[in-house]
Structures are given as structure tokens and as C-alpha cells.
$ cat upload-v6.cif   # mmCIF, C-alpha atoms
data_protein
loop_
_atom_site.label_atom_id
_atom_site.label_comp_id
_atom_site.auth_asym_id
_atom_site.auth_seq_id
_atom_site.Cartn_x
_atom_site.Cartn_y
_atom_site.Cartn_z
CA MET A 4 -47.36 -32.99 44.23
CA ALA A 5 -49.62 -31.64 41.59
CA LYS A 6 -48.09 -28.88 39.57
CA VAL A 7 -49.96 -26.02 38.03
CA LYS A 8 -49.05 -24.82 34.61
CA GLY A 9 -50.55 -21.79 32.98
CA ASP A 10 -50.50 -19.99 29.71
CA ILE A 11 -51.66 -16.62 28.48
CA VAL A 12 -52.90 -15.55 25.07
CA ILE A 13 -52.36 -11.91 24.21
CA ASP A 14 -54.50 -10.21 21.59
CA VAL A 15 -51.56 -8.35 20.07
CA GLU A 16 -53.67 -6.21 17.76
CA LYS A 17 -55.55 -4.73 20.72
CA CYS A 18 -52.52 -4.45 23.03
CA LYS A 19 -51.44 -0.83 23.46
CA GLY A 20 -48.06 -1.72 24.95
CA CYS A 21 -48.64 0.13 28.22
CA GLN A 22 -46.62 -2.56 30.07
CA VAL A 23 -48.71 -2.38 33.25
CA CYS A 24 -48.84 -6.19 33.15
CA ILE A 25 -45.06 -6.59 33.38
CA PRO A 26 -44.58 -5.66 37.09
CA ALA A 27 -47.83 -7.50 37.94
CA CYS A 28 -46.38 -10.86 36.84
CA PRO A 29 -44.73 -12.79 39.69
CA ASN A 30 -42.61 -14.92 37.35
CA ASP A 31 -41.49 -12.31 34.82
CA VAL A 32 -43.23 -14.12 31.99
CA ILE A 33 -44.14 -11.02 30.02
CA GLY A 34 -41.76 -8.84 28.04
CA VAL A 35 -41.99 -6.18 25.37
CA SER A 36 -41.82 -7.33 21.78
CA LYS A 37 -39.43 -5.79 19.29
CA ASN A 38 -42.23 -5.86 16.75
CA VAL A 39 -45.14 -3.46 16.52
CA ASN A 40 -48.78 -4.15 15.83
CA GLY A 41 -51.08 -2.49 13.30
CA LYS A 42 -51.45 0.61 15.49
CA GLY A 43 -47.69 0.96 15.92
CA TYR A 44 -47.48 -0.12 19.53
CA ASN A 45 -44.74 -2.43 20.79
CA TYR A 46 -47.04 -5.09 22.13
CA VAL A 47 -46.16 -7.48 24.96
CA GLU A 48 -45.43 -11.18 24.54
CA THR A 49 -44.50 -14.16 26.69
CA VAL A 50 -40.74 -14.55 27.08
CA ASN A 51 -40.53 -17.80 29.08
CA GLU A 52 -42.57 -20.83 30.12
CA GLU A 53 -42.92 -20.02 33.83
CA CYS A 54 -46.58 -18.94 33.73
CA ILE A 55 -48.66 -20.33 36.61
CA GLY A 56 -51.99 -18.94 35.42
CA CYS A 57 -52.46 -16.52 38.33
CA SER A 58 -54.27 -14.05 36.01
CA ASN A 59 -52.65 -11.01 37.65
CA CYS A 60 -51.65 -9.64 34.24
CA ALA A 61 -55.17 -10.03 32.86
CA ILE A 62 -56.71 -8.31 35.88
CA VAL A 63 -54.58 -5.16 35.58
CA CYS A 64 -54.71 -4.97 31.77
CA PRO A 65 -56.67 -1.79 30.98
CA ASP A 66 -57.78 -3.13 27.61
CA GLY A 67 -58.51 -6.69 28.69
CA VAL A 68 -56.39 -8.23 25.94
CA ILE A 69 -55.06 -11.16 27.99
CA THR A 70 -56.83 -14.52 28.23
CA VAL A 71 -55.54 -16.90 30.91
CA TYR A 72 -55.54 -20.71 30.94
CA ARG A 73 -54.46 -22.95 33.80
CA LYS A 74 -54.07 -26.71 33.96
CA ARG A 75 -53.23 -28.98 36.88
CA ILE A 76 -50.61 -31.54 36.01
CA GLU A 77 -50.63 -34.67 38.16
CA MET B 8 -43.87 -36.04 34.06
CA ASP B 9 -44.94 -35.72 30.47
CA THR B 10 -44.20 -32.51 28.70
CA VAL B 11 -47.23 -30.32 28.36
CA THR B 12 -47.55 -28.27 25.24
CA LYS B 13 -49.28 -24.92 25.00
CA ASP B 14 -52.08 -26.54 23.01
CA ASP B 15 -52.81 -28.83 25.99
CA ILE B 16 -53.18 -25.81 28.24
CA ARG B 17 -55.14 -23.61 25.85
CA LYS B 18 -58.37 -25.54 26.08
CA PRO B 19 -61.80 -24.17 27.03
CA GLU B 20 -61.93 -26.30 30.19
CA ASN B 21 -58.70 -24.69 31.42
CA LEU B 22 -59.92 -21.15 30.86
CA ILE B 23 -59.39 -19.03 33.97
CA TYR B 24 -59.86 -15.47 32.85
CA LYS B 25 -61.21 -13.82 29.76
CA ARG B 26 -62.37 -10.32 28.87
CA THR B 27 -66.05 -10.12 29.72
CA ASN B 28 -68.62 -10.13 26.92
CA LEU B 29 -70.34 -7.14 28.49
CA LEU B 30 -67.59 -5.00 26.99
CA THR B 31 -68.00 -4.42 23.26
CA ASP B 32 -65.30 -5.48 20.82
CA LYS B 33 -64.36 -1.88 20.10
CA THR B 34 -60.84 -0.86 21.04
CA MET B 35 -61.13 1.58 23.93
CA SER B 36 -60.25 5.16 23.12
CA TYR B 37 -58.22 5.60 26.30
CA CYS B 38 -54.47 6.17 26.37
CA PRO B 39 -52.27 3.11 26.99
CA GLY B 40 -52.19 2.26 30.70
CA CYS B 41 -55.17 4.42 31.68
CA GLY B 42 -57.17 3.25 34.69
CA HIS B 43 -60.47 3.91 32.89
CA GLY B 44 -60.22 0.68 30.91
CA THR B 45 -59.63 -1.41 34.02
CA THR B 46 -62.51 0.26 35.83
CA HIS B 47 -64.85 -0.26 32.86
CA ARG B 48 -63.95 -3.93 32.82
CA ILE B 49 -64.48 -4.55 36.54
CA ILE B 50 -67.85 -2.77 36.49
CA MET B 51 -68.94 -5.00 33.62
CA GLU B 52 -67.61 -8.08 35.45
CA VAL B 53 -69.69 -7.16 38.50
CA LEU B 54 -72.81 -6.73 36.34
CA GLU B 55 -72.11 -10.07 34.67
CA GLU B 56 -71.66 -11.85 38.01
CA MET B 57 -74.88 -10.35 39.34
CA GLY B 58 -76.71 -11.14 36.07
CA ILE B 59 -78.17 -7.65 35.72
CA GLN B 60 -76.93 -6.65 32.27
CA GLU B 61 -80.41 -6.01 30.84
CA LYS B 62 -81.62 -4.23 33.99
CA THR B 63 -78.77 -1.74 34.27
CA ILE B 64 -78.69 1.83 32.97
CA GLY B 65 -75.38 3.64 33.03
CA ILE B 66 -74.93 7.38 32.82
CA ALA B 67 -71.87 8.49 30.86
CA PRO B 68 -70.31 11.84 31.78
CA VAL B 69 -68.37 14.45 29.86
CA GLY B 70 -64.64 13.89 29.92
CA CYS B 71 -62.36 11.09 28.77
CA SER B 72 -65.09 8.56 29.53
CA VAL B 73 -67.69 10.40 27.44
CA LEU B 74 -67.60 7.47 25.03
CA ALA B 75 -68.22 4.89 27.77
CA TYR B 76 -71.47 3.95 26.02
CA GLU B 77 -69.43 2.73 23.07
CA PHE B 78 -67.59 0.19 25.23
CA MET B 79 -70.16 -0.90 27.80
CA ASN B 80 -72.70 -3.25 26.28
CA ILE B 81 -75.62 -2.04 28.42
CA ASP B 82 -78.22 0.71 28.16
CA MET B 83 -76.55 4.06 28.61
CA GLN B 84 -77.43 7.70 28.50
CA GLN B 85 -75.10 10.64 28.09
CA ALA B 86 -75.54 13.51 30.54
CA ALA B 87 -74.65 17.17 30.28
CA HIS B 88 -71.34 18.09 31.90
CA GLY B 89 -71.54 17.29 35.61
CA ARG B 90 -75.27 16.51 35.56
CA ALA B 91 -74.98 12.73 35.69
CA PRO B 92 -76.26 12.39 39.31
CA ALA B 93 -79.31 14.53 38.43
CA LEU B 94 -80.03 12.38 35.38
CA ALA B 95 -79.47 9.20 37.40
CA THR B 96 -81.96 10.51 39.98
CA ALA B 97 -84.58 10.93 37.27
CA VAL B 98 -83.91 7.53 35.71
CA LYS B 99 -84.02 5.74 39.05
CA ARG B 100 -87.20 7.48 40.19
CA LEU B 101 -88.99 6.74 36.93
CA MET B 102 -87.73 3.16 36.74
CA PRO B 103 -87.07 2.03 40.31
CA GLU B 104 -86.61 -1.61 39.26
CA LYS B 105 -83.52 -0.72 37.17
CA PHE B 106 -79.96 -0.55 38.42
CA VAL B 107 -78.57 2.92 37.77
CA PHE B 108 -74.98 4.05 38.04
CA THR B 109 -73.04 7.11 37.00
CA TYR B 110 -69.44 7.00 35.85
CA GLN B 111 -67.70 10.33 36.30
CA GLY B 112 -64.26 11.86 36.36
CA ASP B 113 -63.00 14.46 38.78
CA GLY B 114 -63.51 17.40 36.43
CA ASP B 115 -67.10 16.30 35.94
CA LEU B 116 -68.07 15.26 39.46
CA ALA B 117 -65.93 17.53 41.63
CA ALA B 118 -65.86 20.72 39.54
CA ILE B 119 -68.83 21.56 37.33
CA GLY B 120 -71.07 18.92 38.89
CA THR B 121 -70.39 19.62 42.56
CA ALA B 122 -73.93 20.85 43.24
CA GLU B 123 -75.57 17.86 41.56
CA THR B 124 -73.23 15.44 43.32
CA ILE B 125 -73.74 16.90 46.77
CA HIS B 126 -77.50 17.20 46.44
CA ALA B 127 -77.95 13.71 45.00
CA CYS B 128 -75.83 12.36 47.87
CA ASN B 129 -77.71 14.43 50.41
CA ARG B 130 -81.08 13.24 49.12
CA GLY B 131 -79.81 9.67 49.40
CA GLU B 132 -80.90 8.60 45.94
CA ASN B 133 -80.69 4.85 45.47
CA ILE B 134 -77.92 4.94 42.84
CA VAL B 135 -74.24 4.06 42.51
CA ILE B 136 -71.73 6.82 41.75
CA ILE B 137 -68.34 5.75 40.41
CA PHE B 138 -65.83 8.55 40.57
CA ILE B 139 -62.49 8.35 38.75
CA ASN B 140 -60.00 10.73 40.34
CA ASN B 141 -56.77 11.40 38.46
CA GLY B 142 -56.15 14.91 39.74
CA ILE B 143 -56.38 16.77 36.41
CA TYR B 144 -58.64 17.40 33.46
CA GLY B 145 -57.31 14.56 31.32
CA MET B 146 -59.37 14.95 28.16
CA THR B 147 -58.65 18.60 27.45
CA GLY B 148 -54.91 18.39 27.97
CA GLY B 149 -54.04 18.04 31.64
CA GLN B 150 -55.29 21.33 33.10
CA MET B 151 -55.50 21.89 36.84
CA ALA B 152 -58.66 20.48 38.41
CA PRO B 153 -60.12 20.99 41.91
CA THR B 154 -58.55 17.67 42.88
CA THR B 155 -55.02 18.61 41.75
CA LEU B 156 -52.55 18.10 44.61
CA PRO B 157 -50.67 21.02 46.18
CA ASN B 158 -47.47 21.70 44.20
CA MET B 159 -48.56 19.28 41.48
CA LYS B 160 -47.62 20.40 37.99
CA SER B 161 -50.27 20.58 35.31
CA SER B 162 -50.51 22.45 32.03
CA THR B 163 -52.21 25.43 33.72
CA SER B 164 -50.02 25.28 36.85
CA PRO B 165 -46.58 24.67 35.30
CA TYR B 166 -44.75 25.67 38.50
CA GLY B 167 -46.96 23.51 40.68
CA ARG B 168 -50.28 24.32 42.34
CA ASP B 169 -49.79 27.19 44.73
CA VAL B 170 -52.52 26.81 47.34
CA LYS B 171 -52.29 30.48 48.35
CA LEU B 172 -53.14 31.56 44.83
CA MET B 173 -55.18 28.67 43.50
CA GLY B 174 -56.92 27.33 46.57
CA ASN B 175 -56.88 23.96 48.22
CA PRO B 176 -57.62 20.59 46.63
CA LEU B 177 -61.14 19.31 47.18
CA LYS B 178 -61.60 15.96 48.92
CA ILE B 179 -65.12 15.46 47.69
CA THR B 180 -65.29 11.85 48.85
CA GLU B 181 -64.72 12.87 52.48
CA LEU B 182 -67.24 15.66 51.93
CA VAL B 183 -70.06 13.40 50.76
CA ALA B 184 -69.25 10.89 53.53
CA GLN B 185 -70.41 13.57 56.02
CA LEU B 186 -73.86 13.67 54.48
CA PRO B 187 -76.60 11.56 56.08
CA GLY B 188 -77.87 10.47 52.63
CA THR B 189 -74.81 8.41 51.69
CA LEU B 190 -74.68 4.81 52.75
CA TYR B 191 -71.36 3.45 51.53
CA VAL B 192 -68.40 5.68 50.67
CA THR B 193 -65.06 4.19 49.73
CA ARG B 194 -61.83 5.08 47.95
CA GLN B 195 -59.97 2.46 45.93
CA ALA B 196 -57.39 2.20 43.12
CA VAL B 197 -56.68 0.01 40.10
CA HIS B 198 -52.87 0.07 39.80
CA THR B 199 -52.07 -3.46 41.09
CA PRO B 200 -53.91 -6.80 40.89
CA ALA B 201 -54.73 -6.64 44.63
CA ALA B 202 -56.11 -3.12 44.31
CA VAL B 203 -58.24 -4.14 41.32
CA ARG B 204 -59.70 -7.05 43.32
CA ARG B 205 -60.53 -4.73 46.24
CA THR B 206 -62.13 -2.20 43.89
CA LYS B 207 -64.22 -4.94 42.34
CA LYS B 208 -65.44 -5.99 45.79
CA ALA B 209 -66.33 -2.38 46.57
CA ILE B 210 -68.28 -1.98 43.31
CA ARG B 211 -70.04 -5.27 43.98
CA LYS B 212 -71.03 -4.05 47.45
CA ALA B 213 -72.30 -0.80 45.94
CA PHE B 214 -74.57 -2.63 43.48
CA GLU B 215 -75.73 -5.04 46.20
CA ASN B 216 -76.76 -2.01 48.26
CA GLN B 217 -78.78 -0.74 45.33
CA LYS B 218 -80.37 -4.17 44.88
CA LEU B 219 -81.61 -4.02 48.48
CA ASN B 220 -82.82 -0.41 48.02
CA LYS B 221 -80.53 0.72 50.80
CA GLY B 222 -79.31 4.02 49.39
CA LEU B 223 -76.48 5.80 47.67
CA SER B 224 -73.06 4.20 47.31
CA PHE B 225 -70.09 6.29 46.27
CA VAL B 226 -66.94 4.54 44.98
CA GLU B 227 -63.92 6.71 44.24
CA VAL B 228 -61.19 5.13 42.13
CA VAL B 229 -57.85 6.95 42.30
CA SER B 230 -56.42 6.50 38.84
CA ASN B 231 -53.39 7.55 36.89
CA CYS B 232 -53.34 9.87 33.91
CA ASN B 233 -49.99 9.09 32.41
CA SER B 234 -50.50 11.30 29.35
CA GLY B 235 -51.55 14.27 31.45
CA TRP B 236 -48.82 13.71 33.99
CA LYS B 237 -46.24 13.23 31.18
CA MET B 238 -45.00 9.86 32.41
CA THR B 239 -45.01 6.24 31.30
CA PRO B 240 -47.89 4.17 32.72
CA ASN B 241 -45.70 2.38 35.27
CA GLN B 242 -43.98 5.62 36.33
CA ALA B 243 -47.42 7.20 36.70
CA ASN B 244 -48.55 4.35 38.93
CA GLU B 245 -45.45 4.77 41.12
CA TRP B 246 -45.98 8.52 41.25
CA MET B 247 -49.59 7.93 42.23
CA VAL B 248 -48.55 5.62 45.11
CA GLU B 249 -45.98 8.16 46.35
CA ASN B 250 -47.97 11.36 45.97
CA MET B 251 -51.69 10.73 45.50
CA PHE B 252 -52.20 8.08 48.19
CA PRO B 253 -50.84 10.15 51.13
CA PHE B 254 -53.38 12.85 50.23
CA TYR B 255 -56.16 10.52 49.08
CA PRO B 256 -55.73 7.50 51.40
CA LEU B 257 -57.34 4.30 50.16
CA GLY B 258 -59.95 2.44 52.14
CA ASP B 259 -63.55 2.59 53.25
CA ILE B 260 -64.66 5.96 54.58
CA LYS B 261 -68.23 5.07 55.49
CA VAL B 262 -69.51 1.50 55.62
CA ASN B 263 -73.06 0.34 56.08
CA GLU B 264 -74.05 -2.73 58.08
CA ASP B 265 -74.81 -5.78 55.96
#
$ encode --input "upload-v6.cif" --output "C-alpha cells"
Amino acid sequence: MAKVKGDIVIDVEKCKGCQVCIPACPNDVIGVSKNVNGKGYNYVETVNEECIGCSNCAIVCPDGVITVYRKRIE
Amino acid sequence: MDTVTKDDIRKPENLIYKRTNLLTDKTMSYCPGCGHGTTHRIIMEVLEEMGIQEKTIGIAPVGCSVLAYEFMNIDMQQAAHGRAPALATAVKRLMPEKFVFTYQGDGDLAAIGTAETIHACNRGENIVIIFINNGIYGMTGGQMAPTTLPNMKSSTSPYGRDVKLMGNPLKITELVAQLPGTLYVTRQAVHTPAAVRRTKKAIRKAFENQKLNKGLSFVEVVSNCNSGWKMTPNQANEWMVENMFPFYPLGDIKVNED
């Protein structure tokens, strides 16, 4: 069966750390970073490799900082 | 199965979702987690999908979204407080081939601009009104608005809104749905991915109605105001589901035939 693997790229300098994306993710891929960005927000980052590229996080992100990629693996 | 590295996935042909180019590169001035940013983005996505960027004129209101023209990469005009529907009427009548929408908050549309809203809706102007309802005046510090819920705390009703003293909340969306001039009236939200997709469909339908010169479409988006409500964004979304939605139920209120 073909498997789908996804990945997200977060623009950490524009992320405001609102964390709305965290409950939207079905696989708990996103977590809060210990580090802060230039504006002083604790941005979000990927914490595991379970992303399926559903783009739920990108759709709820108020600042549109998430870019989503998805690849089918045969 | 071979191991797939992140570089294999992060290729242009695998791109699924990206922030639309119709938003400018400026960082939005909204608080973290505010529904305004999501709503801005889905409006711009709809315009991009319909290919009407250069034919659209947006009317920015007074309120948190007063700087909407800084973020939306389309022609925009700023209106006096509450007068966006009147200005949109003028723009649409002078340039009927353009797509015109107003983007207003509840303090703008339901308080100072009630007369303009109701009369534009009653005349059935061929425009789209997008109404962000968060139940308070967000920009000025969370004061009580006409849409504030009964017993809801705000900075000018610290013990909760007492309806005997301060009057009842105004459901302006239900009000304009009564008018014969409105064609499509709906209430949506942007707190979950499913809700955002439904809101996007509603906004798309509203612009399609304008394309066919059918009449006025009114899309209310119930949004959070986590700064004004003194909560974290996710707490504010939960509070909104528990308290706002029973009073402002989501769904279509008036639907036109396709």
C-alpha cells in the first residue's frame, strides 16, 4: 500500500507562538520550542516524524507561517 | 522501503499548502491566535482561486482590522467608522464591474455602523459584507460591545453584562436575514480546520453571488479575542465553543438558490 509522508516548514521568525496549530494536528507533530524568535515568542517546531501532510495546521495558522509538503511513497 | 529524508519531501512538486501571495509579506499586527489573520488569508485564497485580484476593491473598517490594507495585496479604501457599507455602495455603483467587499468588526458593523449596514442590506447592494464578531471592542481594550453576551465580562462590564441595566446583545446577522435585500446570510467560525474550510466555502459562495450580480451576501465569522477575553488562544477558542456558539449558532441563516 502506498504510504503518504508529509513535512511542514515553519517560518519561525513570523510565528507568534499562539499554538492554535497544536490541537489541530492529528498526529501531535507540533510542539512549542524552548527557544524564542527575534520578537521574543516561543515559536512552534516539529517534534516527531509522523506528519502526513494533511495541512490542518497551515489552515488554522492565523499568520500563515506553515508550508506543507506531501509525498506518496510506493 | 527506502528511508525518505526531509529534503526528498520538501520539493516544489510535493507542495500542498503555502501562504497565498495575495497577502503581503508584512507581519500582521494582530495578537497571536487572533481569527482576523485566518479570515484575511481565506479571503485572499478565495480571490486567488477566482482570479479576481486586480478586479477587487476591499473596504477596510475602523477597529483592529483598520490596517487590513497593509496585509491584503489588492486595492483597498479605508472608510470612516462604521461607514464601510455606504462606501462599498458608492464604489460598486460607480464601478459595477469590480468586486467589492467590506471587512468589519462587531464594534464597527453592529454599533456605530448599524444604520449603514441595515440600509445597505435593505437596498440589496451587490456587495459582500464580511463581519468578524468577537463580542467586544478588541482594539480599544476589550470594552463591552452590542454583541457582548449576557453575563460576559469585559473591561467596562467587570461583573458581567447585566441585561437589565445594559440591554440585550444584538444578533445583527439574524436581523439582516429578515430583510428582503439580502441574498445569502451565514454565520461561520475559524477556530478549527473544518470550520475554516466551511468559512472559505461560504466566502466563495458570497463572491460567486456577486459575480452573477445576484445581490448582497453577508458572512459573519465568530472569532476569538484572546487578548480582550484575557485567555490563551486555545482557551479562548474553547470558551468561544462553550459560550458564543449557543448564542450565535453557526450555519446558514438564509441561502439563495444556485
$ resolve_selection --input "upload-v6.cif" --expression "the PyMOL selection byres ((chain B) within 9 of (chain A))" --output "ChimeraX atom specification"
/B:8-9,11,13,15-27,34-35,37-49,197-201,203-204,239-241,244
$ atom_distance --input "upload-v6.cif" --atom1 "CA of Tyr191 in chain B" --atom2 "CA of Ala87 in chain B"
25.5 Å
$ atom_distance --input "upload-v6.cif" --atom1 "CA of Asp115 in chain B" --atom2 "CA of Pro68 in chain B"
6.9 Å
$ resolve_selection --input "upload-v6.cif" --expression "the PyMOL selection byres ((chain B and resi 140) around 9)" --output "PyMOL selection string"
chain B and resi 111-114+138-139+141-143+154+227-231
$ atom_distance --input "upload-v6.cif" --atom1 "CA of Arg100 in chain B" --atom2 "CA of Cys128 in chain B"
14.6 Å
$ resolve_selection --input "upload-v6.cif" --expression "the PyMOL selection byres ((chain B and resi 212) around 12)" --output "PyMOL selection string"
chain B and resi 50+53-54+57+135+190-193+205-211+213-219+221-226+259+262-265
$ write_last_selection --input "upload-v6.cif" --atoms "C-alpha atoms" --output "mmCIF file, keeping the file's coordinate frame"
data_model
loop_
_atom_site.group_PDB
_atom_site.id
_atom_site.type_symbol
_atom_site.label_atom_id
_atom_site.label_comp_id
_atom_site.auth_asym_id
_atom_site.auth_seq_id
_atom_site.Cartn_x
_atom_site.Cartn_y
_atom_site.Cartn_z
ATOM 1 C CA ILE B 50 -67.850 -2.770 36.490
ATOM 2 C CA VAL B 53 -69.690 -7.160 38.500
ATOM 3 C CA LEU B 54 -72.810 -6.730 36.340
ATOM 4 C CA MET B 57 -74.880 -10.350 39.340
ATOM 5 C CA VAL B 135 -74.240 4.060 42.510
ATOM 6 C CA LEU B 190 -74.680 4.810 52.750
ATOM 7 C CA TYR B 191 -71.360 3.450 51.530
ATOM 8 C CA VAL B 192 -68.400 5.680 50.670
ATOM 9 C CA THR B 193 -65.060 4.190 49.730
ATOM 10 C CA ARG B 205 -60.530 -4.730 46.240
ATOM 11 C CA THR B 206 -62.130 -2.200 43.890
ATOM 12 C CA LYS B 207 -64.220 -4.940 42.340
ATOM 13 C CA LYS B 208 -65.440 -5.990 45.790
ATOM 14 C CA ALA B 209 -66.330 -2.380 46.570
ATOM 15 C CA ILE B 210 -68.280 -1.980 43.310
ATOM 16 C CA ARG B 211 -70.040 -5.270 43.980
ATOM 17 C CA ALA B 213 -72.300 -0.800 45.940
ATOM 18 C CA PHE B 214 -74.570 -2.630 43.480
ATOM 19 C CA GLU B 215 -75.730 -5.040 46.200
ATOM 20 C CA ASN B 216 -76.760 -2.010 48.260
ATOM 21 C CA GLN B 217 -78.780 -0.740 45.330
ATOM 22 C CA LYS B 218 -80.370 -4.170 44.880
ATOM 23 C CA LEU B 219 -81.610 -4.020 48.480
ATOM 24 C CA LYS B 221 -80.530 0.720 50.800
ATOM 25 C CA GLY B 222 -79.310 4.020 49.390
ATOM 26 C CA LEU B 223 -76.480 5.800 47.670
ATOM 27 C CA SER B 224 -73.060 4.200 47.310
ATOM 28 C CA PHE B 225 -70.090 6.290 46.270
ATOM 29 C CA VAL B 226 -66.940 4.540 44.980
ATOM 30 C CA ASP B 259 -63.550 2.590 53.250
ATOM 31 C CA VAL B 262 -69.510 1.500 55.620
ATOM 32 C CA ASN B 263 -73.060 0.340 56.080
ATOM 33 C CA GLU B 264 -74.050 -2.730 58.080
ATOM 34 C CA ASP B 265 -74.810 -5.780 55.960
#
$ residues_around --input "upload-v6.cif" --residues "Ile33 in chain A" --least-positions-apart "5" --cutoff "6 Å" --atoms "only C-alpha atoms" --output "list in words"
Ile25, Glu48, Thr49 and Val50 of chain A
$ closest_residue --input "upload-v6.cif" --among "B:Met159, B:Val98, B:Leu186, B:Met173" --to "Asn250 in chain B" --atoms "all atoms listed in the file"
B:Met159
$ closest_residue --input "upload-v6.cif" --among "B:Leu182, B:Ala91, B:Ala75, B:Leu257" --to "Ile136 in chain B" --atoms "all atoms listed in the file"
B:Ala91
$ closest_residue --input "upload-v6.cif" --among "B:Gly145, B:Pro153, B:Pro103, B:Gly258" --to "Thr121 in chain B" --atoms "only C-alpha atoms"
B:Pro153
$ build_atoms --input "upload-v6.cif" --residues "range 67-75 of chain A" --atoms "all heavy atoms" --output "short mmCIF file (atom, residue, chain, number, x, y, z; two decimals), keeping the file's coordinate frame"
data_model
loop_
_atom_site.label_atom_id
_atom_site.label_comp_id
_atom_site.auth_asym_id
_atom_site.auth_seq_id
_atom_site.Cartn_x
_atom_site.Cartn_y
_atom_site.Cartn_z
N GLY A 67 -57.98 -5.33 28.61
CA GLY A 67 -58.51 -6.69 28.69
C GLY A 67 -58.08 -7.56 27.53
O GLY A 67 -58.88 -8.33 27.01
N VAL A 68 -56.81 -7.47 27.12
CA VAL A 68 -56.39 -8.23 25.94
C VAL A 68 -55.85 -9.60 26.31
O VAL A 68 -55.51 -10.38 25.41
CB VAL A 68 -55.34 -7.47 25.11
CG1 VAL A 68 -55.87 -6.12 24.68
CG2 VAL A 68 -54.04 -7.31 25.86
N ILE A 69 -55.72 -9.91 27.60
CA ILE A 69 -55.06 -11.16 27.99
C ILE A 69 -56.10 -12.20 28.41
O ILE A 69 -56.98 -11.91 29.22
CB ILE A 69 -54.04 -10.91 29.12
CG1 ILE A 69 -53.02 -9.87 28.67
CG2 ILE A 69 -53.34 -12.21 29.51
CD1 ILE A 69 -52.03 -9.46 29.72
N THR A 70 -56.00 -13.39 27.84
CA THR A 70 -56.83 -14.52 28.23
C THR A 70 -55.92 -15.52 28.95
O THR A 70 -54.80 -15.76 28.50
CB THR A 70 -57.44 -15.18 26.98
OG1 THR A 70 -58.06 -14.16 26.21
CG2 THR A 70 -58.47 -16.23 27.35
N VAL A 71 -56.40 -16.07 30.07
CA VAL A 71 -55.54 -16.90 30.91
C VAL A 71 -56.08 -18.33 30.96
O VAL A 71 -57.29 -18.54 31.14
CB VAL A 71 -55.43 -16.33 32.34
CG1 VAL A 71 -54.44 -17.13 33.16
CG2 VAL A 71 -55.05 -14.88 32.31
N TYR A 72 -55.19 -19.29 30.82
CA TYR A 72 -55.54 -20.71 30.94
C TYR A 72 -54.68 -21.31 32.05
O TYR A 72 -53.54 -20.90 32.25
CB TYR A 72 -55.26 -21.45 29.63
CG TYR A 72 -56.11 -20.99 28.48
CD1 TYR A 72 -55.66 -19.98 27.64
CD2 TYR A 72 -57.35 -21.55 28.23
CE1 TYR A 72 -56.43 -19.54 26.57
CE2 TYR A 72 -58.13 -21.12 27.17
CZ TYR A 72 -57.67 -20.11 26.35
OH TYR A 72 -58.43 -19.69 25.31
N ARG A 73 -55.24 -22.28 32.75
CA ARG A 73 -54.46 -22.95 33.80
C ARG A 73 -54.83 -24.42 33.82
O ARG A 73 -56.00 -24.78 33.75
CB ARG A 73 -54.73 -22.31 35.15
CG ARG A 73 -53.91 -22.90 36.29
CD ARG A 73 -53.95 -22.04 37.53
NE ARG A 73 -55.30 -21.93 38.04
CZ ARG A 73 -55.69 -20.98 38.89
NH1 ARG A 73 -54.84 -20.06 39.31
NH2 ARG A 73 -56.92 -20.94 39.34
N LYS A 74 -53.82 -25.26 33.95
CA LYS A 74 -54.07 -26.71 33.96
C LYS A 74 -53.29 -27.32 35.10
O LYS A 74 -52.12 -26.99 35.33
CB LYS A 74 -53.61 -27.30 32.62
CG LYS A 74 -53.94 -28.76 32.41
CD LYS A 74 -53.46 -29.20 31.03
CE LYS A 74 -53.49 -30.69 30.85
NZ LYS A 74 -54.84 -31.25 30.78
N ARG A 75 -53.93 -28.22 35.82
CA ARG A 75 -53.23 -28.98 36.88
C ARG A 75 -52.59 -30.19 36.24
O ARG A 75 -53.23 -30.93 35.51
CB ARG A 75 -54.23 -29.44 37.93
CG ARG A 75 -54.63 -28.34 38.89
CD ARG A 75 -55.69 -28.86 39.83
NE ARG A 75 -55.11 -29.76 40.82
CZ ARG A 75 -54.60 -29.35 41.97
NH1 ARG A 75 -54.57 -28.08 42.26
NH2 ARG A 75 -54.13 -30.21 42.84
#
